[in-house]
file my_file_23.cif (mmCIF, C-alpha atoms)
data_my_file
#
loop_
_atom_site.group_PDB
_atom_site.id
_atom_site.type_symbol
_atom_site.label_atom_id
_atom_site.label_comp_id
_atom_site.auth_asym_id
_atom_site.auth_seq_id
_atom_site.Cartn_x
_atom_site.Cartn_y
_atom_site.Cartn_z
ATOM 1 C CA MET A 1 53.747 87.394 188.209
ATOM 2 C CA SER A 2 56.045 89.577 190.338
ATOM 3 C CA PHE A 3 57.950 92.534 189.020
ATOM 4 C CA ARG A 4 61.150 90.571 189.549
ATOM 5 C CA ASP A 5 59.930 87.621 187.527
ATOM 6 C CA ALA A 6 58.792 89.924 184.679
ATOM 7 C CA HIS A 7 62.102 91.690 184.693
ATOM 8 C CA ALA A 8 63.913 88.376 184.573
ATOM 9 C CA ARG A 9 61.948 87.223 181.472
ATOM 10 C CA ARG A 10 62.612 90.342 179.384
ATOM 11 C CA PRO A 11 66.073 89.180 178.067
ATOM 12 C CA GLU A 12 64.540 85.850 177.068
ATOM 13 C CA GLN A 13 61.726 87.594 175.152
ATOM 14 C CA ALA A 14 64.211 89.848 173.411
ATOM 15 C CA ARG A 15 66.227 86.848 172.276
ATOM 16 C CA GLN A 16 63.071 85.197 170.909
ATOM 17 C CA ARG A 17 62.103 88.339 168.988
ATOM 18 C CA LYS A 18 65.597 88.555 167.432
ATOM 19 C CA SER A 19 65.461 84.892 166.489
ATOM 20 C CA ARG A 20 62.027 85.338 164.880
ATOM 21 C CA VAL A 21 63.251 88.363 162.900
ATOM 22 C CA ARG A 22 66.268 86.400 161.668
ATOM 23 C CA ARG A 23 64.008 83.531 160.546
ATOM 24 C CA GLU A 24 61.715 85.952 158.715
ATOM 25 C CA ARG A 25 64.693 87.596 156.987
ATOM 26 C CA VAL A 26 66.098 84.213 155.940
ATOM 27 C CA ALA A 27 62.692 83.198 154.570
ATOM 28 C CA ALA A 28 62.366 86.479 152.659
ATOM 29 C CA PHE A 29 65.858 86.092 151.206
ATOM 30 C CA GLY A 30 65.056 82.537 150.198
ATOM 31 C CA SER A 31 61.898 83.713 148.407
ATOM 32 C CA LEU A 32 63.954 86.376 146.613
ATOM 33 C CA LEU A 33 66.414 83.718 145.432
ATOM 34 C CA VAL A 34 63.543 81.651 144.066
ATOM 35 C CA VAL A 35 62.191 84.648 142.128
ATOM 36 C CA VAL A 36 65.647 85.411 140.704
ATOM 37 C CA ALA A 37 66.080 81.760 139.685
ATOM 38 C CA ILE A 38 62.733 81.809 137.875
ATOM 39 C CA ILE A 39 63.656 85.013 135.999
ATOM 40 C CA VAL A 40 67.039 83.579 134.975
ATOM 41 C CA ALA A 41 65.374 80.398 133.744
ATOM 42 C CA LEU A 42 62.897 82.392 131.647
ATOM 43 C CA VAL A 43 65.686 84.457 130.084
ATOM 44 C CA LEU A 44 67.729 81.363 129.255
ATOM 45 C CA ASP A 45 64.681 79.657 127.745
ATOM 46 C CA SER A 46 63.945 82.719 125.608
ATOM 47 C CA THR A 47 67.541 82.816 124.370
ATOM 48 C CA SER A 48 67.500 79.108 123.582
ATOM 49 C CA GLY A 49 64.204 79.487 121.727
ATOM 50 C CA SER A 50 65.557 82.256 119.526
ATOM 51 C CA LYS A 51 68.451 80.009 118.539
ATOM 52 C CA SER A 52 66.254 77.063 117.691
ATOM 53 C CA HIS A 53 63.750 79.114 115.648
ATOM 54 C CA PRO A 54 65.508 81.087 112.873
ATOM 55 C CA SER A 55 64.311 84.511 111.809
ATOM 56 C CA LYS A 56 62.198 85.025 108.705
ATOM 57 C CA ALA A 57 65.255 86.280 106.850
ATOM 58 C CA THR A 58 67.207 83.142 107.750
ATOM 59 C CA ALA A 59 64.304 80.913 106.748
ATOM 60 C CA SER A 60 63.971 82.787 103.481
ATOM 61 C CA ALA A 61 67.687 82.355 102.808
ATOM 62 C CA LYS A 62 67.388 78.620 103.420
ATOM 63 C CA ARG A 63 64.438 78.411 101.044
ATOM 64 C CA SER A 64 66.425 80.286 98.394
ATOM 65 C CA SER A 65 69.357 77.942 98.868
ATOM 66 C CA SER A 66 67.132 74.888 98.530
ATOM 67 C CA SER A 67 65.838 76.126 95.161
ATOM 68 C CA GLY A 68 69.322 75.791 93.698
ATOM 69 C CA SER A 69 70.677 79.332 93.994
ATOM 70 C CA ARG A 70 72.376 81.329 96.695
ATOM 71 C CA ALA A 71 72.084 85.104 96.390
ATOM 72 C CA GLY A 72 75.385 86.825 95.690
ATOM 73 C CA GLN A 73 77.255 83.634 94.838
ATOM 74 C CA PRO A 74 77.858 82.230 91.327
ATOM 75 C CA VAL A 75 76.472 78.816 90.457
ATOM 76 C CA THR A 76 77.333 76.284 87.788
ATOM 77 C CA ALA A 77 74.153 74.396 86.878
ATOM 78 C CA THR A 78 73.525 73.695 83.182
ATOM 79 C CA VAL A 79 70.409 74.955 81.373
ATOM 80 C CA PRO A 80 68.953 73.764 78.039
ATOM 81 C CA ILE A 81 68.112 76.364 75.374
ATOM 82 C CA LEU A 82 65.526 75.547 72.709
ATOM 83 C CA ALA A 83 65.483 77.125 69.230
ATOM 84 C CA TYR A 84 62.223 77.657 67.291
ATOM 85 C CA HIS A 85 61.426 79.391 64.011
ATOM 86 C CA VAL A 86 57.914 79.543 62.527
ATOM 87 C CA ILE A 87 55.049 78.597 64.833
ATOM 88 C CA ASN A 88 52.624 77.664 62.071
ATOM 89 C CA VAL A 89 51.916 75.062 59.403
ATOM 90 C CA PRO A 90 53.870 75.449 56.131
ATOM 91 C CA PRO A 91 51.901 77.498 53.606
ATOM 92 C CA SER A 92 50.492 75.647 50.607
ATOM 93 C CA GLY A 93 53.024 75.315 47.805
ATOM 94 C CA SER A 94 55.845 76.733 49.924
ATOM 95 C CA SER A 95 59.401 75.745 49.079
ATOM 96 C CA ALA A 96 60.588 76.699 52.579
ATOM 97 C CA ASN A 97 62.289 74.100 54.712
ATOM 98 C CA PRO A 98 59.441 72.269 56.502
ATOM 99 C CA ASP A 99 61.721 71.701 59.495
ATOM 100 C CA LEU A 100 61.356 75.399 60.272
ATOM 101 C CA TYR A 101 57.616 75.033 60.880
ATOM 102 C CA VAL A 102 56.125 73.846 64.170
ATOM 103 C CA SER A 103 52.341 74.125 64.169
ATOM 104 C CA ALA A 104 50.594 76.075 66.912
ATOM 105 C CA ALA A 105 48.941 72.862 68.140
ATOM 106 C CA ALA A 106 52.268 71.013 68.231
ATOM 107 C CA PHE A 107 53.941 73.911 70.027
ATOM 108 C CA SER A 108 51.153 73.999 72.622
ATOM 109 C CA SER A 109 51.517 70.247 73.211
ATOM 110 C CA GLN A 110 55.293 70.561 73.569
ATOM 111 C CA MET A 111 54.975 73.358 76.131
ATOM 112 C CA ALA A 112 52.378 71.366 78.084
ATOM 113 C CA ALA A 113 54.760 68.398 78.159
ATOM 114 C CA LEU A 114 57.565 70.607 79.466
ATOM 115 C CA LYS A 115 55.301 72.010 82.174
ATOM 116 C CA ALA A 116 54.115 68.527 83.201
ATOM 117 C CA ASN A 117 57.752 67.433 83.563
ATOM 118 C CA GLY A 118 58.722 70.280 85.877
ATOM 119 C CA TRP A 119 60.216 72.753 83.405
ATOM 120 C CA HIS A 120 59.564 76.497 83.359
ATOM 121 C CA ALA A 121 60.802 79.135 80.919
ATOM 122 C CA VAL A 122 63.358 81.823 81.773
ATOM 123 C CA THR A 123 65.389 84.303 79.716
ATOM 124 C CA LEU A 124 69.082 84.392 78.868
ATOM 125 C CA ASP A 125 69.532 87.492 81.015
ATOM 126 C CA GLN A 126 68.070 85.592 83.957
ATOM 127 C CA VAL A 127 70.395 82.657 83.331
ATOM 128 C CA GLU A 128 73.378 85.009 83.222
ATOM 129 C CA ALA A 129 72.334 86.547 86.553
ATOM 130 C CA TYR A 130 71.921 83.021 87.938
ATOM 131 C CA TRP A 131 75.383 81.976 86.796
ATOM 132 C CA THR A 132 77.217 85.102 87.910
ATOM 133 C CA ARG A 133 75.341 86.263 91.027
ATOM 134 C CA GLY A 134 73.311 83.267 92.145
ATOM 135 C CA ALA A 135 70.022 85.047 91.347
ATOM 136 C CA SER A 136 67.094 82.673 91.760
ATOM 137 C CA LEU A 137 65.476 81.131 88.693
ATOM 138 C CA GLY A 138 62.517 79.954 90.752
ATOM 139 C CA PRO A 139 61.474 76.431 91.704
ATOM 140 C CA GLY A 140 61.636 73.604 89.206
ATOM 141 C CA LYS A 141 63.838 73.138 86.146
ATOM 142 C CA PRO A 142 64.696 76.267 84.109
ATOM 143 C CA ILE A 143 64.729 76.200 80.318
ATOM 144 C CA VAL A 144 65.212 78.994 77.749
ATOM 145 C CA ILE A 145 62.864 79.117 74.738
ATOM 146 C CA THR A 146 64.307 81.175 71.864
ATOM 147 C CA PHE A 147 62.723 82.182 68.556
ATOM 148 C CA ASP A 148 64.853 83.088 65.533
ATOM 149 C CA ASN A 149 64.405 85.484 62.596
ATOM 150 C CA GLY A 150 61.350 87.411 63.812
ATOM 151 C CA TYR A 151 58.344 85.620 62.328
ATOM 152 C CA ALA A 152 54.925 87.111 63.097
ATOM 153 C CA SER A 153 53.633 83.679 64.100
ATOM 154 C CA GLN A 154 55.897 83.854 67.111
ATOM 155 C CA TYR A 155 53.689 86.674 68.374
ATOM 156 C CA THR A 156 50.313 85.410 67.169
ATOM 157 C CA ASN A 157 50.751 81.732 68.065
ATOM 158 C CA ALA A 158 53.562 81.384 70.608
ATOM 159 C CA VAL A 159 52.789 84.295 72.923
ATOM 160 C CA PRO A 160 49.278 83.081 73.903
ATOM 161 C CA VAL A 161 50.595 79.608 74.754
ATOM 162 C CA LEU A 162 53.474 80.879 76.862
ATOM 163 C CA LYS A 163 51.346 83.562 78.504
ATOM 164 C CA GLN A 164 48.837 80.958 79.658
ATOM 165 C CA LEU A 165 51.671 79.115 81.376
ATOM 166 C CA GLY A 166 53.104 82.305 82.850
ATOM 167 C CA TRP A 167 56.222 81.875 80.719
ATOM 168 C CA VAL A 168 58.295 84.181 78.521
ATOM 169 C CA GLY A 169 60.448 83.701 75.434
ATOM 170 C CA VAL A 170 63.535 85.188 73.818
ATOM 171 C CA GLU A 171 63.220 86.861 70.404
ATOM 172 C CA ASN A 172 66.342 86.802 68.207
ATOM 173 C CA LEU A 173 65.339 89.495 65.747
ATOM 174 C CA GLN A 174 66.994 90.196 62.411
ATOM 175 C CA VAL A 175 66.435 93.917 62.057
ATOM 176 C CA ASN A 176 66.022 94.364 58.283
ATOM 177 C CA GLY A 177 65.876 90.866 56.861
ATOM 178 C CA LEU A 178 62.256 89.767 57.343
ATOM 179 C CA PRO A 179 59.588 92.363 56.440
ATOM 180 C CA PRO A 180 55.898 91.842 57.344
ATOM 181 C CA SER A 181 55.148 90.968 53.695
ATOM 182 C CA ASP A 182 57.332 87.868 54.191
ATOM 183 C CA GLY A 183 55.688 86.956 57.472
ATOM 184 C CA GLY A 184 57.867 89.121 59.673
ATOM 185 C CA LEU A 185 56.939 90.803 62.944
ATOM 186 C CA THR A 186 55.488 94.303 62.798
ATOM 187 C CA ASP A 187 56.731 97.071 65.070
ATOM 188 C CA SER A 188 53.622 96.818 67.246
ATOM 189 C CA GLN A 189 54.063 93.044 67.544
ATOM 190 C CA ILE A 190 57.668 93.460 68.651
ATOM 191 C CA ARG A 191 56.474 95.906 71.293
ATOM 192 C CA GLY A 192 53.823 93.367 72.238
ATOM 193 C CA LEU A 193 56.505 90.742 72.827
ATOM 194 C CA ILE A 194 58.380 93.122 75.090
ATOM 195 C CA SER A 195 55.168 94.004 76.972
ATOM 196 C CA ALA A 196 54.582 90.282 77.488
ATOM 197 C CA GLY A 197 57.962 90.055 79.248
ATOM 198 C CA TRP A 198 59.957 88.600 76.374
ATOM 199 C CA GLU A 199 63.664 89.339 76.064
ATOM 200 C CA LEU A 200 64.737 91.065 72.842
ATOM 201 C CA ASP A 201 68.019 89.906 71.290
ATOM 202 C CA THR A 202 69.247 89.885 67.706
ATOM 203 C CA GLN A 203 70.680 87.993 64.736
ATOM 204 C CA GLY A 204 72.126 91.146 63.192
ATOM 205 C CA MET A 205 70.855 93.651 60.671
ATOM 206 C CA SER A 206 70.299 91.318 57.703
ATOM 207 C CA HIS A 207 70.893 87.746 58.941
ATOM 208 C CA ALA A 208 74.129 87.650 56.937
ATOM 209 C CA ASP A 209 76.456 84.686 57.360
ATOM 210 C CA LEU A 210 79.076 86.386 59.516
ATOM 211 C CA ILE A 211 81.953 84.046 58.711
ATOM 212 C CA THR A 212 81.729 85.192 55.048
ATOM 213 C CA VAL A 213 81.629 89.002 55.446
ATOM 214 C CA ASN A 214 84.425 91.557 55.663
ATOM 215 C CA THR A 215 85.412 93.425 58.814
ATOM 216 C CA SER A 216 83.308 96.481 57.998
ATOM 217 C CA GLN A 217 80.094 94.543 57.420
ATOM 218 C CA LEU A 218 80.764 92.380 60.443
ATOM 219 C CA SER A 219 80.908 95.471 62.633
ATOM 220 C CA TYR A 220 77.776 96.880 60.967
ATOM 221 C CA GLU A 221 75.760 93.692 61.481
ATOM 222 C CA LEU A 222 76.667 93.480 65.160
ATOM 223 C CA THR A 223 76.989 97.043 66.418
ATOM 224 C CA THR A 224 74.245 98.694 64.380
ATOM 225 C CA ALA A 225 71.729 95.969 65.207
ATOM 226 C CA LYS A 226 72.354 96.321 68.920
ATOM 227 C CA GLN A 227 72.187 100.103 68.838
ATOM 228 C CA THR A 228 69.131 100.230 66.576
ATOM 229 C CA LEU A 229 67.030 97.875 68.665
ATOM 230 C CA HIS A 230 68.044 99.488 71.941
ATOM 231 C CA SER A 231 67.243 102.947 70.598
ATOM 232 C CA GLN A 232 63.919 101.913 69.075
ATOM 233 C CA TYR A 233 62.566 99.777 71.902
ATOM 234 C CA GLY A 234 64.399 101.050 74.965
ATOM 235 C CA VAL A 235 65.514 97.627 76.190
ATOM 236 C CA PRO A 236 68.981 96.097 76.566
ATOM 237 C CA VAL A 237 70.002 93.812 73.693
ATOM 238 C CA ASN A 238 72.570 91.649 75.424
ATOM 239 C CA TRP A 239 72.704 88.447 73.372
ATOM 240 C CA PHE A 240 73.498 87.573 69.784
ATOM 241 C CA SER A 241 72.327 84.495 67.851
ATOM 242 C CA TYR A 242 74.603 83.446 64.987
ATOM 243 C CA PRO A 243 72.821 83.372 61.607
ATOM 244 C CA PHE A 244 72.889 79.791 60.254
ATOM 245 C CA GLY A 245 74.697 78.960 63.496
ATOM 246 C CA HIS A 246 78.035 79.887 61.885
ATOM 247 C CA TYR A 247 80.842 81.378 63.930
ATOM 248 C CA ASN A 248 84.619 81.349 64.315
ATOM 249 C CA ALA A 249 87.228 83.086 66.457
ATOM 250 C CA THR A 250 87.022 86.306 64.412
ATOM 251 C CA VAL A 251 83.227 86.476 64.724
ATOM 252 C CA ILE A 252 83.312 85.708 68.442
ATOM 253 C CA ALA A 253 85.857 88.486 69.008
ATOM 254 C CA ALA A 254 83.668 90.934 67.074
ATOM 255 C CA VAL A 255 80.540 89.979 69.028
ATOM 256 C CA ARG A 256 82.423 90.495 72.269
ATOM 257 C CA ALA A 257 83.810 93.843 71.083
ATOM 258 C CA ALA A 258 80.285 95.009 70.131
ATOM 259 C CA GLY A 259 79.268 94.796 73.775
ATOM 260 C CA TYR A 260 77.156 91.649 73.866
ATOM 261 C CA VAL A 261 77.059 89.505 77.006
ATOM 262 C CA GLY A 262 77.175 86.308 74.976
ATOM 263 C CA ALA A 263 75.900 84.442 71.917
ATOM 264 C CA THR A 264 74.038 81.256 71.042
ATOM 265 C CA THR A 265 74.782 78.615 68.411
ATOM 266 C CA ILE A 266 72.892 75.657 66.946
ATOM 267 C CA VAL A 267 75.387 73.137 68.293
ATOM 268 C CA SER A 268 73.427 70.628 70.356
ATOM 269 C CA GLY A 269 73.896 70.487 74.124
ATOM 270 C CA TRP A 270 73.062 72.232 77.375
ATOM 271 C CA ALA A 271 74.436 75.674 78.208
ATOM 272 C CA SER A 272 76.871 75.820 81.097
ATOM 273 C CA ALA A 273 78.543 78.565 83.112
ATOM 274 C CA GLN A 274 81.900 76.905 82.371
ATOM 275 C CA GLN A 275 81.475 77.322 78.613
ATOM 276 C CA ASN A 276 82.476 80.281 76.517
ATOM 277 C CA ARG A 277 79.487 82.643 76.843
ATOM 278 C CA PHE A 278 79.879 83.453 73.133
ATOM 279 C CA SER A 279 79.237 79.916 71.920
ATOM 280 C CA LEU A 280 76.389 78.539 74.003
ATOM 281 C CA PRO A 281 74.672 75.447 72.540
ATOM 282 C CA ARG A 282 70.955 75.197 71.676
ATOM 283 C CA LEU A 283 68.563 72.404 70.780
ATOM 284 C CA GLN A 284 66.717 72.951 67.491
ATOM 285 C CA VAL A 285 63.067 71.939 67.629
ATOM 286 C CA LEU A 286 61.833 70.722 64.237
ATOM 287 C CA GLY A 287 58.359 70.456 62.778
ATOM 288 C CA THR A 288 58.232 66.684 63.220
ATOM 289 C CA THR A 289 59.237 66.720 66.899
ATOM 290 C CA SER A 290 56.577 65.193 69.150
ATOM 291 C CA PRO A 291 56.266 66.173 72.832
ATOM 292 C CA ALA A 292 57.796 62.852 73.895
ATOM 293 C CA GLN A 293 60.638 63.263 71.398
ATOM 294 C CA LEU A 294 61.308 66.774 72.690
ATOM 295 C CA LEU A 295 61.643 65.527 76.259
ATOM 296 C CA SER A 296 63.954 62.762 75.060
ATOM 297 C CA GLN A 297 65.990 65.235 72.989
ATOM 298 C CA ILE A 298 66.477 67.470 76.018
ATOM 299 C CA ALA A 299 67.456 64.588 78.298
ATOM 300 C CA SER A 300 69.911 63.007 75.876
ATOM 301 C CA ALA A 301 71.652 66.319 75.178
ATOM 302 C CA LYS A 302 72.417 67.017 78.836
ATOM 303 C CA ALA A 303 75.702 65.142 78.743
ATOM 304 C CA THR A 304 76.972 67.398 75.918
ATOM 305 C CA THR A 305 78.427 70.665 77.194
ATOM 306 C CA THR A 306 81.544 70.857 75.026
ATOM 307 C CA VAL A 307 81.136 73.271 72.131
ATOM 308 C CA PRO A 308 83.599 73.539 69.207
ATOM 309 C CA ALA A 309 85.660 76.690 68.792
ATOM 310 C CA SER A 310 84.048 77.263 65.382
ATOM 311 C CA PHE A 311 81.108 75.971 63.368
ATOM 312 C CA SER A 312 80.321 76.245 59.631
ATOM 313 C CA GLY A 313 78.078 73.250 59.047
ATOM 314 C CA PRO A 314 74.454 73.165 57.842
ATOM 315 C CA GLY A 315 71.863 74.866 60.005
ATOM 316 C CA ASN A 316 68.461 76.516 59.965
ATOM 317 C CA ALA A 317 68.972 79.310 62.473
#
call {"tool": "encode", "arguments": {"input": "my_file_23.cif", "output": "structure tokens"}}
result
Amino acid sequence: MSFRDAHARRPEQARQRKSRVRRERVAAFGSLLVVVAIIVALVLDSTSGSKSHPSKATASAKRSSSSGSRAGQPVTATVPILAYHVINVPPSGSSANPDLYVSAAAFSSQMAALKANGWHAVTLDQVEAYWTRGASLGPGKPIVITFDNGYASQYTNAVPVLKQLGWVGVENLQVNGLPPSDGGLTDSQIRGLISAGWELDTQGMSHADLITVNTSQLSYELTTAKQTLHSQYGVPVNWFSYPFGHYNATVIAAVRAAGYVGATTIVSGWASAQQNRFSLPRLQVLGTTSPAQLLSQIASAKATTTVPASFSGPGNA
């Protein structure tokens, strides 16, 4: 090839080199666009995945909501409250009302029936927190199991049954009215109830019929009982149980003034957040009540949530 021919081909070679460089640059830019597209797709997929899979806190909140309560928000579900007295057979020759006695075997069978039908025991304080703040009462159907007067059999016979189920009770203690010689709880047994997780409430100092006493004794029965039990056992005493189930507007006002959260009656029905907290109904469980009858009693009472403004009829509480 002559010098002239070589010189003539140089511009053509230069153009080819420039064209090749441009093609390489275009290819490189195209590869970069592909990489960017892949990264964008991954980011979008990650964002979409986080939306479709809630956090543990969100999942926990949904689980709490599905159990019937929503933390921080009041709820309105009704809850049955049972009332027991002596968890034993009537003593030989006793003139006491046999309805007050539920044998340990019968009590155990009743609790087993409740468990088998989805019930579990809670306290009145827990129900109040459920009604006012939406605090969870756990899965299943909540029920409150109360015990009146402070009989020792409530510790010796009821505690083991409830403990085996992982349940607790509510003790409505009359402070001075039932000494150990008459089958009453001892100090150590009361402390044992508290250690077992039971709630301690009261029926006053002497279990006096409050609709029959004067203003001074009314204040003594309510205020002194609350203060005495709180001082002696170091636990809040938030609920009152009316002796004999008797109450009226004057008694309710005094219970409220004494600083109680609420009070329970022996009027049949289920307790509701819409009711007056100072006249909540309870279902009395008698000595002749079979497990099947107890379940029927609970079910049939659900429709009753209206409680009278006063009550002075017959009762065992």
call {"tool": "atom_distance", "arguments": {"input": "my_file_23.cif", "atom1": "CA of Arg277 (chain A)", "atom2": "CA of Val261 (chain A)"}}
result
7.3 Å
call {"tool": "closest_residue", "arguments": {"input": "my_file_23.cif", "among": "A:Gly93, A:Tyr84, A:Tyr101, A:Trp119", "to": "Thr288 (chain A)", "atoms": "all atoms listed in the file"}}
result
A:Tyr101
call {"tool": "residues_near_point", "arguments": {"input": "my_file_23.cif", "point": "(77.7, 87.4, 59.4)", "cutoff": "10 Å", "atoms": "all atoms listed in the file", "output": "list in words"}}
result
Gln203, Gly204, Met205, Ser206, His207, Ala208, Asp209, Leu210, Ile211, Thr212, Val213, Asn214, Thr215, Gln217, Leu218, Ser219, Tyr220, Glu221, Leu222, Tyr242, Pro243, Phe244, Gly245, His246, Tyr247 and Val251 of chain A
call {"tool": "closest_residue", "arguments": {"input": "my_file_23.cif", "among": "A:Pro291, A:Pro160, A:Gly166, A:Gly150", "to": "Gly184 (chain A)", "atoms": "only C-alpha atoms"}}
result
A:Gly150
call {"tool": "residues_near_point", "arguments": {"input": "my_file_23.cif", "point": "(74.7, 82.9, 84.3)", "cutoff": "10 Å", "atoms": "all atoms listed in the file", "output": "list of chain:residue names"}}
result
A:Pro74, A:Val75, A:Thr76, A:Ala77, A:Thr78, A:Val79, A:Leu124, A:Asp125, A:Gln126, A:Val127, A:Glu128, A:Ala129, A:Tyr130, A:Trp131, A:Thr132, A:Arg133, A:Gly134, A:Ala135, A:Ala271, A:Ser272, A:Ala273, A:Gln274, A:Arg277
call {"tool": "atom_distance", "arguments": {"input": "my_file_23.cif", "atom1": "CA of Gln284 (chain A)", "atom2": "CA of Asn248 (chain A)"}}
result
20.0 Å
call {"tool": "resolve_selection", "arguments": {"input": "my_file_23.cif", "expression": "the PyMOL selection byres ((chain A and resi 88) around 10)", "output": "PDB file with C-alpha atoms, in the frame of the given file"}}
result
ATOM      1  CA  HIS A  85      61.426  79.391  64.011  1.00  0.00           C
ATOM      2  CA  VAL A  86      57.914  79.543  62.527  1.00  0.00           C
ATOM      3  CA  ILE A  87      55.049  78.597  64.833  1.00  0.00           C
ATOM      4  CA  VAL A  89      51.916  75.062  59.403  1.00  0.00           C
ATOM      5  CA  PRO A  90      53.870  75.449  56.131  1.00  0.00           C
ATOM      6  CA  PRO A  91      51.901  77.498  53.606  1.00  0.00           C
ATOM      7  CA  LEU A 100      61.356  75.399  60.272  1.00  0.00           C
ATOM      8  CA  TYR A 101      57.616  75.033  60.880  1.00  0.00           C
ATOM      9  CA  VAL A 102      56.125  73.846  64.170  1.00  0.00           C
ATOM     10  CA  SER A 103      52.341  74.125  64.169  1.00  0.00           C
ATOM     11  CA  ALA A 104      50.594  76.075  66.912  1.00  0.00           C
ATOM     12  CA  ALA A 105      48.941  72.862  68.140  1.00  0.00           C
ATOM     13  CA  ALA A 106      52.268  71.013  68.231  1.00  0.00           C
ATOM     14  CA  PHE A 107      53.941  73.911  70.027  1.00  0.00           C
ATOM     15  CA  TYR A 151      58.344  85.620  62.328  1.00  0.00           C
ATOM     16  CA  ALA A 152      54.925  87.111  63.097  1.00  0.00           C
ATOM     17  CA  SER A 153      53.633  83.679  64.100  1.00  0.00           C
ATOM     18  CA  GLN A 154      55.897  83.854  67.111  1.00  0.00           C
ATOM     19  CA  THR A 156      50.313  85.410  67.169  1.00  0.00           C
ATOM     20  CA  ASN A 157      50.751  81.732  68.065  1.00  0.00           C
ATOM     21  CA  ALA A 158      53.562  81.384  70.608  1.00  0.00           C
ATOM     22  CA  GLY A 287      58.359  70.456  62.778  1.00  0.00           C
TER      23      GLY A 287
END
call {"tool": "closest_residue", "arguments": {"input": "my_file_23.cif", "among": "A:Lys141, A:Arg191, A:Lys163, A:Lys115", "to": "Val235 (chain A)", "atoms": "all atoms listed in the file"}}
result
A:Arg191
call {"tool": "residues_around", "arguments": {"input": "my_file_23.cif", "residues": "region 142-144 of chain A", "least_positions_apart": "5", "cutoff": "8 Å", "atoms": "all atoms listed in the file", "output": "JSON, numbers by chain"}}
result
{"A": [79, 80, 81, 82, 119, 120, 121, 122, 123, 124, 137, 169, 170]}
call {"tool": "decode", "arguments": {"input": "my_file_23.cif", "residues": "region 168-204 of chain A", "atoms": "C-alpha atoms", "output": "JSON list (two decimals), in the first residue's frame"}}
result
[["chain", "number", "residue", "atom", "x", "y", "z"],
["A", 168, "VAL", "CA", -58.70, -17.18, 91.22],
["A", 169, "GLY", "CA", -61.66, -16.13, 93.35],
["A", 170, "VAL", "CA", -62.98, -13.05, 95.13],
["A", 171, "GLU", "CA", -63.33, -13.10, 98.92],
["A", 172, "ASN", "CA", -66.04, -10.86, 100.40],
["A", 173, "LEU", "CA", -64.85, -10.83, 103.99],
["A", 174, "GLN", "CA", -66.84, -9.66, 106.99],
["A", 175, "VAL", "CA", -64.11, -8.37, 109.26],
["A", 176, "ASN", "CA", -65.44, -9.17, 112.75],
["A", 177, "GLY", "CA", -68.54, -11.27, 112.19],
["A", 178, "LEU", "CA", -67.23, -14.81, 111.64],
["A", 179, "PRO", "CA", -64.49, -15.97, 114.05],
["A", 180, "PRO", "CA", -62.53, -19.21, 113.45],
["A", 181, "SER", "CA", -64.56, -20.93, 116.20],
["A", 182, "ASP", "CA", -67.62, -20.50, 113.94],
["A", 183, "GLY", "CA", -65.80, -21.77, 110.87],
["A", 184, "GLY", "CA", -64.30, -18.46, 109.85],
["A", 185, "LEU", "CA", -61.03, -17.84, 108.03],
["A", 186, "THR", "CA", -57.89, -17.38, 110.11],
["A", 187, "ASP", "CA", -55.45, -14.56, 109.45],
["A", 188, "SER", "CA", -52.98, -16.95, 107.83],
["A", 189, "GLN", "CA", -55.71, -18.37, 105.60],
["A", 190, "ILE", "CA", -56.71, -14.90, 104.44],
["A", 191, "ARG", "CA", -53.08, -14.25, 103.58],
["A", 192, "GLY", "CA", -53.05, -17.59, 101.79],
["A", 193, "LEU", "CA", -55.97, -16.49, 99.63],
["A", 194, "ILE", "CA", -54.14, -13.32, 98.70],
["A", 195, "SER", "CA", -50.95, -15.29, 97.93],
["A", 196, "ALA", "CA", -53.02, -17.52, 95.66],
["A", 197, "GLY", "CA", -54.03, -14.44, 93.64],
["A", 198, "TRP", "CA", -57.49, -13.97, 95.11],
["A", 199, "GLU", "CA", -59.01, -10.50, 95.32],
["A", 200, "LEU", "CA", -59.93, -9.31, 98.82],
["A", 201, "ASP", "CA", -63.19, -7.36, 99.16],
["A", 202, "THR", "CA", -65.60, -6.96, 102.06],
["A", 203, "GLN", "CA", -69.13, -7.19, 103.45],
["A", 204, "GLY", "CA", -68.40, -4.68, 106.21]]
